[in-house]
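A.B. asks: You'll find run_15.pdb just under this line, and it carries PDB, N, CA and C atoms.
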ATOM      1  N   MET F   1    -122.630 170.082  73.516
ATOM      2  CA  MET F   1    -122.325 171.493  73.356
ATOM      3  C   MET F   1    -121.201 171.898  74.310
ATOM      4  N   GLN F   2    -120.380 172.814  73.861
ATOM      5  CA  GLN F   2    -119.267 173.274  74.685
ATOM      6  C   GLN F   2    -119.668 174.502  75.505
ATOM      7  N   PRO F   3    -119.099 174.636  76.703
ATOM      8  CA  PRO F   3    -119.384 175.825  77.511
ATOM      9  C   PRO F   3    -118.621 177.029  76.958
ATOM     10  N   PRO F   4    -119.103 178.251  77.257
ATOM     11  CA  PRO F   4    -118.413 179.451  76.803
ATOM     12  C   PRO F   4    -117.207 179.777  77.681
ATOM     13  N   ASP F   5    -116.425 180.775  77.271
ATOM     14  CA  ASP F   5    -115.290 181.288  78.041
ATOM     15  C   ASP F   5    -115.827 182.313  79.045
ATOM     16  N   ILE F   6    -115.637 182.048  80.347
ATOM     17  CA  ILE F   6    -116.200 182.907  81.395
ATOM     18  C   ILE F   6    -115.096 183.388  82.330
ATOM     19  N   THR F   7    -115.093 184.700  82.602
ATOM     20  CA  THR F   7    -114.229 185.293  83.624
ATOM     21  C   THR F   7    -115.128 185.808  84.735
ATOM     22  N   ARG F   8    -114.816 185.462  85.980
ATOM     23  CA  ARG F   8    -115.640 185.866  87.124
ATOM     24  C   ARG F   8    -114.882 186.849  88.016
ATOM     25  N   VAL F   9    -115.597 187.876  88.471
ATOM     26  CA  VAL F   9    -115.049 188.858  89.402
ATOM     27  C   VAL F   9    -115.974 188.903  90.612
ATOM     28  N   PHE F  10    -115.395 188.764  91.805
ATOM     29  CA  PHE F  10    -116.163 188.801  93.048
ATOM     30  C   PHE F  10    -115.762 190.031  93.850
ATOM     31  N   LYS F  11    -116.741 190.747  94.393
ATOM     32  CA  LYS F  11    -116.472 191.927  95.211
ATOM     33  C   LYS F  11    -117.393 191.923  96.422
ATOM     34  N   GLY F  12    -117.059 192.769  97.386
ATOM     35  CA  GLY F  12    -117.866 192.909  98.587
ATOM     36  C   GLY F  12    -117.194 192.236  99.756
ATOM     37  N   PRO F  13    -117.625 192.577 100.970
ATOM     38  CA  PRO F  13    -116.999 192.018 102.180
ATOM     39  C   PRO F  13    -117.001 190.491 102.219
ATOM     40  N   GLY F  14    -118.049 189.881 101.683
ATOM     41  CA  GLY F  14    -118.129 188.423 101.657
ATOM     42  C   GLY F  14    -118.096 187.879 100.248
ATOM     43  N   ASN F  15    -117.561 188.668  99.303
ATOM     44  CA  ASN F  15    -117.532 188.284  97.885
ATOM     45  C   ASN F  15    -118.925 187.982  97.342
ATOM     46  N   GLU F  16    -119.935 188.675  97.876
ATOM     47  CA  GLU F  16    -121.307 188.375  97.486
ATOM     48  C   GLU F  16    -121.739 189.018  96.167
ATOM     49  N   PHE F  17    -120.985 189.998  95.659
ATOM     50  CA  PHE F  17    -121.324 190.627  94.379
ATOM     51  C   PHE F  17    -120.458 189.995  93.299
ATOM     52  N   GLU F  18    -121.101 189.346  92.317
ATOM     53  CA  GLU F  18    -120.356 188.646  91.273
ATOM     54  C   GLU F  18    -120.736 189.188  89.901
ATOM     55  N   VAL F  19    -119.734 189.371  89.062
ATOM     56  CA  VAL F  19    -119.939 189.732  87.666
ATOM     57  C   VAL F  19    -119.232 188.685  86.812
ATOM     58  N   GLU F  20    -119.931 188.154  85.834
ATOM     59  CA  GLU F  20    -119.349 187.208  84.894
ATOM     60  C   GLU F  20    -119.263 187.885  83.529
ATOM     61  N   ILE F  21    -118.108 187.832  82.915
ATOM     62  CA  ILE F  21    -117.907 188.339  81.567
ATOM     63  C   ILE F  21    -117.794 187.110  80.675
ATOM     64  N   VAL F  22    -118.714 186.983  79.728
ATOM     65  CA  VAL F  22    -118.836 185.762  78.939
ATOM     66  C   VAL F  22    -118.586 186.047  77.452
ATOM     67  N   PHE F  23    -117.671 185.283  76.877
ATOM     68  CA  PHE F  23    -117.435 185.302  75.434
ATOM     69  C   PHE F  23    -117.844 183.927  74.915
ATOM     70  N   ALA F  24    -118.781 183.904  73.974
ATOM     71  CA  ALA F  24    -119.289 182.625  73.484
ATOM     72  C   ALA F  24    -119.224 182.571  71.961
ATOM     73  N   ARG F  25    -118.999 181.360  71.479
ATOM     74  CA  ARG F  25    -118.901 181.118  70.037
ATOM     75  C   ARG F  25    -120.011 180.167  69.598
ATOM     76  N   GLU F  26    -120.079 179.967  68.316
ATOM     77  CA  GLU F  26    -121.037 179.014  67.743
ATOM     78  C   GLU F  26    -120.877 177.672  68.446
ATOM     79  N   GLY F  27    -121.977 177.080  68.845
ATOM     80  CA  GLY F  27    -121.932 175.779  69.498
ATOM     81  C   GLY F  27    -121.848 175.843  71.013
ATOM     82  N   ASN F  28    -121.677 177.041  71.591
ATOM     83  CA  ASN F  28    -121.619 177.163  73.053
ATOM     84  C   ASN F  28    -123.028 177.189  73.646
ATOM     85  N   GLN F  29    -123.149 176.592  74.825
ATOM     86  CA  GLN F  29    -124.422 176.544  75.537
ATOM     87  C   GLN F  29    -124.130 176.467  77.027
ATOM     88  N   SER F  30    -124.915 177.189  77.808
ATOM     89  CA  SER F  30    -124.754 177.121  79.260
ATOM     90  C   SER F  30    -125.431 175.856  79.778
ATOM     91  N   PRO F  31    -125.076 175.440  80.993
ATOM     92  CA  PRO F  31    -125.822 174.322  81.582
ATOM     93  C   PRO F  31    -127.242 174.784  81.923
ATOM     94  N   LYS F  32    -128.171 173.861  81.989
ATOM     95  CA  LYS F  32    -129.525 174.187  82.442
ATOM     96  C   LYS F  32    -129.459 174.229  83.959
ATOM     97  N   GLU F  33    -129.675 175.419  84.537
ATOM     98  CA  GLU F  33    -129.480 175.580  85.978
ATOM     99  C   GLU F  33    -130.359 176.686  86.533
ATOM    100  N   GLY F  34    -130.507 176.682  87.844
ATOM    101  CA  GLY F  34    -131.185 177.743  88.580
ATOM    102  C   GLY F  34    -130.284 178.162  89.728
ATOM    103  N   HIS F  35    -130.568 179.316  90.313
ATOM    104  CA  HIS F  35    -129.734 179.826  91.398
ATOM    105  C   HIS F  35    -130.608 180.240  92.582
ATOM    106  N   THR F  36    -130.010 180.333  93.739
ATOM    107  CA  THR F  36    -130.717 180.785  94.942
ATOM    108  C   THR F  36    -130.642 182.301  95.080
ATOM    109  N   TYR F  37    -130.286 182.977  93.988
ATOM    110  CA  TYR F  37    -130.153 184.434  93.973
ATOM    111  C   TYR F  37    -130.593 184.938  92.595
ATOM    112  N   ASP F  38    -130.951 186.231  92.533
ATOM    113  CA  ASP F  38    -131.362 186.848  91.275
ATOM    114  C   ASP F  38    -130.180 186.942  90.316
ATOM    115  N   GLU F  39    -130.514 187.017  89.029
ATOM    116  CA  GLU F  39    -129.488 187.132  87.998
ATOM    117  C   GLU F  39    -129.925 188.176  86.972
ATOM    118  N   ILE F  40    -128.991 189.021  86.585
ATOM    119  CA  ILE F  40    -129.226 190.033  85.563
ATOM    120  C   ILE F  40    -128.289 189.723  84.397
ATOM    121  N   ILE F  41    -128.838 189.681  83.195
ATOM    122  CA  ILE F  41    -128.047 189.372  82.003
ATOM    123  C   ILE F  41    -128.152 190.559  81.039
ATOM    124  N   VAL F  42    -127.005 191.004  80.539
ATOM    125  CA  VAL F  42    -126.966 192.052  79.522
ATOM    126  C   VAL F  42    -126.216 191.494  78.320
ATOM    127  N   VAL F  43    -126.880 191.474  77.171
ATOM    128  CA  VAL F  43    -126.244 191.019  75.934
ATOM    129  C   VAL F  43    -125.567 192.238  75.310
ATOM    130  N   THR F  44    -124.266 192.159  75.073
ATOM    131  CA  THR F  44    -123.556 193.286  74.473
ATOM    132  C   THR F  44    -123.167 193.039  73.024
ATOM    133  N   ASP F  45    -123.281 191.794  72.555
ATOM    134  CA  ASP F  45    -122.997 191.482  71.158
ATOM    135  C   ASP F  45    -123.564 190.111  70.834
ATOM    136  N   GLY F  46    -123.989 189.919  69.601
ATOM    137  CA  GLY F  46    -124.496 188.628  69.170
ATOM    138  C   GLY F  46    -125.961 188.424  69.502
ATOM    139  N   VAL F  47    -126.401 187.186  69.323
ATOM    140  CA  VAL F  47    -127.796 186.821  69.575
ATOM    141  C   VAL F  47    -127.813 185.513  70.373
ATOM    142  N   ILE F  48    -128.630 185.485  71.435
ATOM    143  CA  ILE F  48    -128.781 184.281  72.255
ATOM    144  C   ILE F  48    -130.234 183.827  72.266
ATOM    145  N   GLU F  49    -130.410 182.551  72.558
ATOM    146  CA  GLU F  49    -131.738 182.017  72.856
ATOM    147  C   GLU F  49    -131.745 181.661  74.332
ATOM    148  N   LEU F  50    -132.835 182.008  74.999
ATOM    149  CA  LEU F  50    -132.960 181.778  76.437
ATOM    150  C   LEU F  50    -134.204 180.959  76.717
ATOM    151  N   GLU F  51    -133.996 179.812  77.341
ATOM    152  CA  GLU F  51    -135.102 178.992  77.824
ATOM    153  C   GLU F  51    -135.166 179.212  79.327
ATOM    154  N   ARG F  52    -136.349 179.511  79.835
ATOM    155  CA  ARG F  52    -136.482 179.783  81.274
ATOM    156  C   ARG F  52    -137.767 179.157  81.820
ATOM    157  N   SER F  53    -137.697 178.701  83.069
ATOM    158  CA  SER F  53    -138.805 177.943  83.648
ATOM    159  C   SER F  53    -140.019 178.794  84.014
ATOM    160  N   ASP F  54    -139.869 180.110  84.094
ATOM    161  CA  ASP F  54    -140.995 180.954  84.486
ATOM    162  C   ASP F  54    -141.789 181.488  83.293
ATOM    163  N   ARG F  55    -141.404 181.097  82.074
ATOM    164  CA  ARG F  55    -142.112 181.515  80.861
ATOM    165  C   ARG F  55    -142.135 180.357  79.868
ATOM    166  N   GLU F  56    -143.139 180.363  79.010
ATOM    167  CA  GLU F  56    -143.225 179.318  77.985
ATOM    168  C   GLU F  56    -142.454 179.735  76.749
ATOM    169  N   GLY F  57    -141.915 178.766  76.052
ATOM    170  CA  GLY F  57    -141.217 179.024  74.804
ATOM    171  C   GLY F  57    -139.780 179.467  75.015
ATOM    172  N   ILE F  58    -139.119 179.743  73.902
ATOM    173  CA  ILE F  58    -137.726 180.178  73.927
ATOM    174  C   ILE F  58    -137.670 181.630  73.485
ATOM    175  N   GLU F  59    -137.002 182.462  74.284
ATOM    176  CA  GLU F  59    -136.852 183.881  73.971
ATOM    177  C   GLU F  59    -135.569 184.099  73.174
ATOM    178  N   THR F  60    -135.592 185.086  72.280
ATOM    179  CA  THR F  60    -134.405 185.484  71.547
ATOM    180  C   THR F  60    -134.008 186.884  72.010
ATOM    181  N   HIS F  61    -132.720 187.055  72.317
ATOM    182  CA  HIS F  61    -132.216 188.347  72.794
ATOM    183  C   HIS F  61    -130.979 188.726  71.998
ATOM    184  N   SER F  62    -130.843 190.037  71.736
ATOM    185  CA  SER F  62    -129.699 190.517  70.972
ATOM    186  C   SER F  62    -129.083 191.748  71.640
ATOM    187  N   LYS F  63    -128.142 192.352  70.954
ATOM    188  CA  LYS F  63    -127.329 193.448  71.463
ATOM    189  C   LYS F  63    -128.150 194.468  72.255
ATOM    190  N   TYR F  64    -127.682 194.727  73.474
ATOM    191  CA  TYR F  64    -128.225 195.691  74.435
ATOM    192  C   TYR F  64    -129.518 195.246  75.108
ATOM    193  N   ASP F  65    -129.914 194.007  74.932
ATOM    194  CA  ASP F  65    -131.063 193.494  75.686
ATOM    195  C   ASP F  65    -130.654 193.246  77.132
ATOM    196  N   TYR F  66    -131.604 193.497  78.031
ATOM    197  CA  TYR F  66    -131.425 193.300  79.470
ATOM    198  C   TYR F  66    -132.443 192.258  79.908
ATOM    199  N   ILE F  67    -132.003 191.279  80.686
ATOM    200  CA  ILE F  67    -132.878 190.198  81.136
ATOM    201  C   ILE F  67    -132.751 190.069  82.645
ATOM    202  N   PHE F  68    -133.878 189.981  83.339
ATOM    203  CA  PHE F  68    -133.876 189.726  84.780
ATOM    204  C   PHE F  68    -134.429 188.337  85.026
ATOM    205  N   LEU F  69    -133.659 187.513  85.744
ATOM    206  CA  LEU F  69    -134.105 186.171  86.130
ATOM    207  C   LEU F  69    -134.240 186.123  87.648
ATOM    208  N   PRO F  70    -135.455 185.992  88.153
ATOM    209  CA  PRO F  70    -135.622 185.873  89.607
ATOM    210  C   PRO F  70    -134.973 184.598  90.135
ATOM    211  N   LYS F  71    -134.608 184.608  91.397
ATOM    212  CA  LYS F  71    -133.993 183.421  91.992
ATOM    213  C   LYS F  71    -134.874 182.198  91.748
ATOM    214  N   ASP F  72    -134.232 181.050  91.673
ATOM    215  CA  ASP F  72    -134.878 179.754  91.454
ATOM    216  C   ASP F  72    -135.460 179.566  90.047
ATOM    217  N   THR F  73    -135.175 180.481  89.121
ATOM    218  CA  THR F  73    -135.618 180.320  87.740
ATOM    219  C   THR F  73    -134.601 179.441  87.002
ATOM    220  N   VAL F  74    -135.016 178.265  86.601
ATOM    221  CA  VAL F  74    -134.129 177.378  85.844
ATOM    222  C   VAL F  74    -134.030 177.942  84.426
ATOM    223  N   HIS F  75    -132.800 178.016  83.907
ATOM    224  CA  HIS F  75    -132.599 178.642  82.605
ATOM    225  C   HIS F  75    -131.424 178.018  81.865
ATOM    226  N   GLN F  76    -131.420 178.225  80.551
ATOM    227  CA  GLN F  76    -130.319 177.762  79.712
ATOM    228  C   GLN F  76    -130.168 178.747  78.552
ATOM    229  N   ILE F  77    -128.909 179.125  78.278
ATOM    230  CA  ILE F  77    -128.597 180.054  77.195
ATOM    231  C   ILE F  77    -127.885 179.293  76.084
ATOM    232  N   THR F  78    -128.331 179.533  74.852
ATOM    233  CA  THR F  78    -127.710 178.927  73.680
ATOM    234  C   THR F  78    -127.329 180.038  72.698
ATOM    235  N   VAL F  79    -126.132 179.949  72.127
ATOM    236  CA  VAL F  79    -125.697 180.921  71.125
ATOM    237  C   VAL F  79    -126.504 180.706  69.850
ATOM    238  N   LYS F  80    -127.096 181.792  69.354
ATOM    239  CA  LYS F  80    -127.829 181.718  68.084
ATOM    240  C   LYS F  80    -127.003 182.354  66.964
ATOM    241  N   GLU F  81    -126.398 183.529  67.232
ATOM    242  CA  GLU F  81    -125.514 184.179  66.259
ATOM    243  C   GLU F  81    -124.254 184.631  66.985
ATOM    244  N   ALA F  82    -123.134 184.056  66.613
ATOM    245  CA  ALA F  82    -121.859 184.351  67.263
ATOM    246  C   ALA F  82    -121.125 185.449  66.490
ATOM    247  N   PRO F  83    -120.162 186.107  67.124
ATOM    248  CA  PRO F  83    -119.757 185.912  68.507
ATOM    249  C   PRO F  83    -120.747 186.573  69.465
ATOM    250  N   VAL F  84    -120.841 186.021  70.663
ATOM    251  CA  VAL F  84    -121.718 186.552  71.699
ATOM    252  C   VAL F  84    -120.864 187.066  72.848
ATOM    253  N   LYS F  85    -121.209 188.250  73.324
ATOM    254  CA  LYS F  85    -120.609 188.816  74.534
ATOM    255  C   LYS F  85    -121.747 189.144  75.488
ATOM    256  N   VAL F  86    -121.642 188.612  76.700
ATOM    257  CA  VAL F  86    -122.697 188.773  77.694
ATOM    258  C   VAL F  86    -122.058 189.138  79.028
ATOM    259  N   VAL F  87    -122.731 190.030  79.760
ATOM    260  CA  VAL F  87    -122.338 190.333  81.132
ATOM    261  C   VAL F  87    -123.452 189.809  82.030
ATOM    262  N   ILE F  88    -123.081 188.984  83.004
ATOM    263  CA  ILE F  88    -124.047 188.414  83.946
ATOM    264  C   ILE F  88    -123.717 188.943  85.335
ATOM    265  N   ILE F  89    -124.734 189.476  86.005
ATOM    266  CA  ILE F  89    -124.538 190.089  87.321
ATOM    267  C   ILE F  89    -125.363 189.342  88.357
ATOM    268  N   HIS F  90    -124.695 188.977  89.451
ATOM    269  CA  HIS F  90    -125.361 188.393  90.617
ATOM    270  C   HIS F  90    -125.133 189.378  91.766
ATOM    271  N   PRO F  91    -126.083 190.314  91.997
ATOM    272  CA  PRO F  91    -125.848 191.370  92.979
ATOM    273  C   PRO F  91    -125.836 190.904  94.432
ATOM    274  N   GLU F  92    -126.441 189.770  94.716
ATOM    275  CA  GLU F  92    -126.493 189.290  96.098
ATOM    276  C   GLU F  92    -126.299 187.781  96.143
ATOM    277  N   ARG F  93    -125.136 187.337  95.752
ATOM    278  CA  ARG F  93    -124.835 185.902  95.699
ATOM    279  C   ARG F  93    -124.474 185.434  97.122
ATOM    280  N   GLN F  94    -125.460 185.305  97.948
ATOM    281  CA  GLN F  94    -125.264 184.995  99.360
ATOM    282  C   GLN F  94    -124.658 183.624  99.617
ATOM    283  N   GLU F  95    -124.901 182.661  98.731
ATOM    284  CA  GLU F  95    -124.388 181.315  98.986
ATOM    285  C   GLU F  95    -122.870 181.262  99.057
ATOM    286  N   LEU F  96    -122.182 182.239  98.457
ATOM    287  CA  LEU F  96    -120.718 182.273  98.555
ATOM    288  C   LEU F  96    -120.269 182.422  99.996
ATOM    289  N   ASN F  97    -121.028 183.200 100.777
ATOM    290  CA  ASN F  97    -120.669 183.390 102.180
ATOM    291  C   ASN F  97    -120.731 182.093 102.969
ATOM    292  N   GLU F  98    -121.625 181.212 102.566
ATOM    293  CA  GLU F  98    -121.794 179.948 103.278
ATOM    294  C   GLU F  98    -120.772 178.896 102.878
ATOM    295  N   THR F  99    -120.217 178.996 101.658
ATOM    296  CA  THR F  99    -119.326 177.941 101.177
ATOM    297  C   THR F  99    -117.853 178.299 101.305
ATOM    298  N   ARG F 100    -117.524 179.505 101.642
ATOM    299  CA  ARG F 100    -116.116 179.899 101.757
ATOM    300  C   ARG F 100    -115.664 179.915 103.184
TER
END
Take the structure in the file and write it out as structure tokens.
C.D. replies:
Amino acid sequence: MQPPDITRVFKGPGNEFEVEIVFAREGNQSPKEGHTYDEIIVVTDGVIELERSDREGIETHSKYDYIFLPKDTVHQITVKEAPVKVVIIHPERQELNETR
């Protein structure tokens, strides 16, 4: 599967606030990953499937759905109906301060 087109914006004194603007097409899938910080996902167009380690089964989300993923939740997003537009927010991405 191919990754989606992602634009990242970092703000804050230590670039700790991150927003990802994601445009995804048929066949796009995110890597299966977890983070050391919370993640907020807002679907603005299309339909996605979300697999997450803190719940059983695969969730389906569509336009205007809001998803909260607590830190350390392993997850993977797959496009179900394209085109997909998603905004991903990391309000406290502290690890950036340690790696820059």
A.B. asks: When distances are computed from only N, CA and C atoms, which of F:Thr78, F:Ser62, F:Thr73, F:Asn28 shows the smallest separation from Leu50 of chain F?
C.D. replies: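 Smallest distance to Leu50 of chain F is found for F:Thr78.
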A.B. asks: Applied to this file, what does the PyMOL selection byres ((chain F and resi 20) around 6.5) return in terms of residues, put as a PyMOL selection string?
C.D. replies: chain F and resi 6-9+18-19+21-22+86-90
A.B. asks: Smallest atom-to-atom distance to Asp65 of chain F: which of F:Gln29, F:Asp5, F:Ile41, F:Glu92, using only C-alpha atoms?
C.D. replies: F:Ile41
A.B. asks: Using only N, CA and C atoms, which residue out of F:Val79, F:Val42, F:Val84, F:Val47 lies closest to Ile67 of chain F?
C.D. replies: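 The closest residue to Ile67 of chain F is F:Val42.
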A.B. asks: So, counting all atoms listed in the file, which residue among F:Ala24, F:Val43, F:Ile48, F:Ala82 is closest to Tyr66 of chain F?
C.D. replies: F:Val43
A.B. asks: Within segment 5-100 of chain F, find each residue whose DSSP state, derived from the backbone, is strand (DSSP E), and express the selection as a compact mmCIF listing (two decimals) with N, CA and C atoms, in the coordinates of the input.
C.D. replies:
# COMPACT_ATOMS: atom_id res chain seq x y z
N ASP F 5 -116.42 180.78 77.27
CA ASP F 5 -115.29 181.29 78.04
C ASP F 5 -115.83 182.31 79.04
N ILE F 6 -115.64 182.05 80.35
CA ILE F 6 -116.20 182.91 81.40
C ILE F 6 -115.10 183.39 82.33
N THR F 7 -115.09 184.70 82.60
CA THR F 7 -114.23 185.29 83.62
C THR F 7 -115.13 185.81 84.74
N ARG F 8 -114.82 185.46 85.98
CA ARG F 8 -115.64 185.87 87.12
C ARG F 8 -114.88 186.85 88.02
N VAL F 9 -115.60 187.88 88.47
CA VAL F 9 -115.05 188.86 89.40
C VAL F 9 -115.97 188.90 90.61
N PHE F 10 -115.40 188.76 91.80
CA PHE F 10 -116.16 188.80 93.05
C PHE F 10 -115.76 190.03 93.85
N LYS F 11 -116.74 190.75 94.39
CA LYS F 11 -116.47 191.93 95.21
C LYS F 11 -117.39 191.92 96.42
N PHE F 17 -120.98 190.00 95.66
CA PHE F 17 -121.32 190.63 94.38
C PHE F 17 -120.46 190.00 93.30
N GLU F 18 -121.10 189.35 92.32
CA GLU F 18 -120.36 188.65 91.27
C GLU F 18 -120.74 189.19 89.90
N VAL F 19 -119.73 189.37 89.06
CA VAL F 19 -119.94 189.73 87.67
C VAL F 19 -119.23 188.68 86.81
N GLU F 20 -119.93 188.15 85.83
CA GLU F 20 -119.35 187.21 84.89
C GLU F 20 -119.26 187.88 83.53
N ILE F 21 -118.11 187.83 82.92
CA ILE F 21 -117.91 188.34 81.57
C ILE F 21 -117.79 187.11 80.68
N VAL F 22 -118.71 186.98 79.73
CA VAL F 22 -118.84 185.76 78.94
C VAL F 22 -118.59 186.05 77.45
N PHE F 23 -117.67 185.28 76.88
CA PHE F 23 -117.44 185.30 75.43
C PHE F 23 -117.84 183.93 74.92
N ALA F 24 -118.78 183.90 73.97
CA ALA F 24 -119.29 182.62 73.48
C ALA F 24 -119.22 182.57 71.96
N GLU F 39 -130.51 187.02 89.03
CA GLU F 39 -129.49 187.13 88.00
C GLU F 39 -129.93 188.18 86.97
N ILE F 40 -128.99 189.02 86.58
CA ILE F 40 -129.23 190.03 85.56
C ILE F 40 -128.29 189.72 84.40
N ILE F 41 -128.84 189.68 83.20
CA ILE F 41 -128.05 189.37 82.00
C ILE F 41 -128.15 190.56 81.04
N VAL F 42 -127.00 191.00 80.54
CA VAL F 42 -126.97 192.05 79.52
C VAL F 42 -126.22 191.49 78.32
N VAL F 43 -126.88 191.47 77.17
CA VAL F 43 -126.24 191.02 75.93
C VAL F 43 -125.57 192.24 75.31
N THR F 44 -124.27 192.16 75.07
CA THR F 44 -123.56 193.29 74.47
C THR F 44 -123.17 193.04 73.02
N ASP F 45 -123.28 191.79 72.56
CA ASP F 45 -123.00 191.48 71.16
C ASP F 45 -123.56 190.11 70.83
N GLY F 46 -123.99 189.92 69.60
CA GLY F 46 -124.50 188.63 69.17
C GLY F 46 -125.96 188.42 69.50
N VAL F 47 -126.40 187.19 69.32
CA VAL F 47 -127.80 186.82 69.58
C VAL F 47 -127.81 185.51 70.37
N ILE F 48 -128.63 185.48 71.44
CA ILE F 48 -128.78 184.28 72.26
C ILE F 48 -130.23 183.83 72.27
N GLU F 49 -130.41 182.55 72.56
CA GLU F 49 -131.74 182.02 72.86
C GLU F 49 -131.74 181.66 74.33
N LEU F 50 -132.84 182.01 75.00
CA LEU F 50 -132.96 181.78 76.44
C LEU F 50 -134.20 180.96 76.72
N GLU F 51 -134.00 179.81 77.34
CA GLU F 51 -135.10 178.99 77.82
C GLU F 51 -135.17 179.21 79.33
N ARG F 52 -136.35 179.51 79.83
CA ARG F 52 -136.48 179.78 81.27
C ARG F 52 -137.77 179.16 81.82
N ILE F 58 -139.12 179.74 73.90
CA ILE F 58 -137.73 180.18 73.93
C ILE F 58 -137.67 181.63 73.48
N GLU F 59 -137.00 182.46 74.28
CA GLU F 59 -136.85 183.88 73.97
C GLU F 59 -135.57 184.10 73.17
N THR F 60 -135.59 185.09 72.28
CA THR F 60 -134.40 185.48 71.55
C THR F 60 -134.01 186.88 72.01
N HIS F 61 -132.72 187.06 72.32
CA HIS F 61 -132.22 188.35 72.79
C HIS F 61 -130.98 188.73 72.00
N SER F 62 -130.84 190.04 71.74
CA SER F 62 -129.70 190.52 70.97
C SER F 62 -129.08 191.75 71.64
N TYR F 66 -131.60 193.50 78.03
CA TYR F 66 -131.43 193.30 79.47
C TYR F 66 -132.44 192.26 79.91
N ILE F 67 -132.00 191.28 80.69
CA ILE F 67 -132.88 190.20 81.14
C ILE F 67 -132.75 190.07 82.64
N PHE F 68 -133.88 189.98 83.34
CA PHE F 68 -133.88 189.73 84.78
C PHE F 68 -134.43 188.34 85.03
N LEU F 69 -133.66 187.51 85.74
CA LEU F 69 -134.10 186.17 86.13
C LEU F 69 -134.24 186.12 87.65
N HIS F 75 -132.80 178.02 83.91
CA HIS F 75 -132.60 178.64 82.60
C HIS F 75 -131.42 178.02 81.86
N GLN F 76 -131.42 178.22 80.55
CA GLN F 76 -130.32 177.76 79.71
C GLN F 76 -130.17 178.75 78.55
N ILE F 77 -128.91 179.12 78.28
CA ILE F 77 -128.60 180.05 77.19
C ILE F 77 -127.88 179.29 76.08
N THR F 78 -128.33 179.53 74.85
CA THR F 78 -127.71 178.93 73.68
C THR F 78 -127.33 180.04 72.70
N VAL F 79 -126.13 179.95 72.13
CA VAL F 79 -125.70 180.92 71.12
C VAL F 79 -126.50 180.71 69.85
N LYS F 80 -127.10 181.79 69.35
CA LYS F 80 -127.83 181.72 68.08
C LYS F 80 -127.00 182.35 66.96
N GLU F 81 -126.40 183.53 67.23
CA GLU F 81 -125.51 184.18 66.26
C GLU F 81 -124.25 184.63 66.98
N ALA F 82 -123.13 184.06 66.61
CA ALA F 82 -121.86 184.35 67.26
C ALA F 82 -121.12 185.45 66.49
N PRO F 83 -120.16 186.11 67.12
CA PRO F 83 -119.76 185.91 68.51
C PRO F 83 -120.75 186.57 69.46
N VAL F 84 -120.84 186.02 70.66
CA VAL F 84 -121.72 186.55 71.70
C VAL F 84 -120.86 187.07 72.85
N LYS F 85 -121.21 188.25 73.32
CA LYS F 85 -120.61 188.82 74.53
C LYS F 85 -121.75 189.14 75.49
N VAL F 86 -121.64 188.61 76.70
CA VAL F 86 -122.70 188.77 77.69
C VAL F 86 -122.06 189.14 79.03
N VAL F 87 -122.73 190.03 79.76
CA VAL F 87 -122.34 190.33 81.13
C VAL F 87 -123.45 189.81 82.03
N ILE F 88 -123.08 188.98 83.00
CA ILE F 88 -124.05 188.41 83.95
C ILE F 88 -123.72 188.94 85.34
N ILE F 89 -124.73 189.48 86.00
CA ILE F 89 -124.54 190.09 87.32
C ILE F 89 -125.36 189.34 88.36
N HIS F 90 -124.70 188.98 89.45
CA HIS F 90 -125.36 188.39 90.62
C HIS F 90 -125.13 189.38 91.77
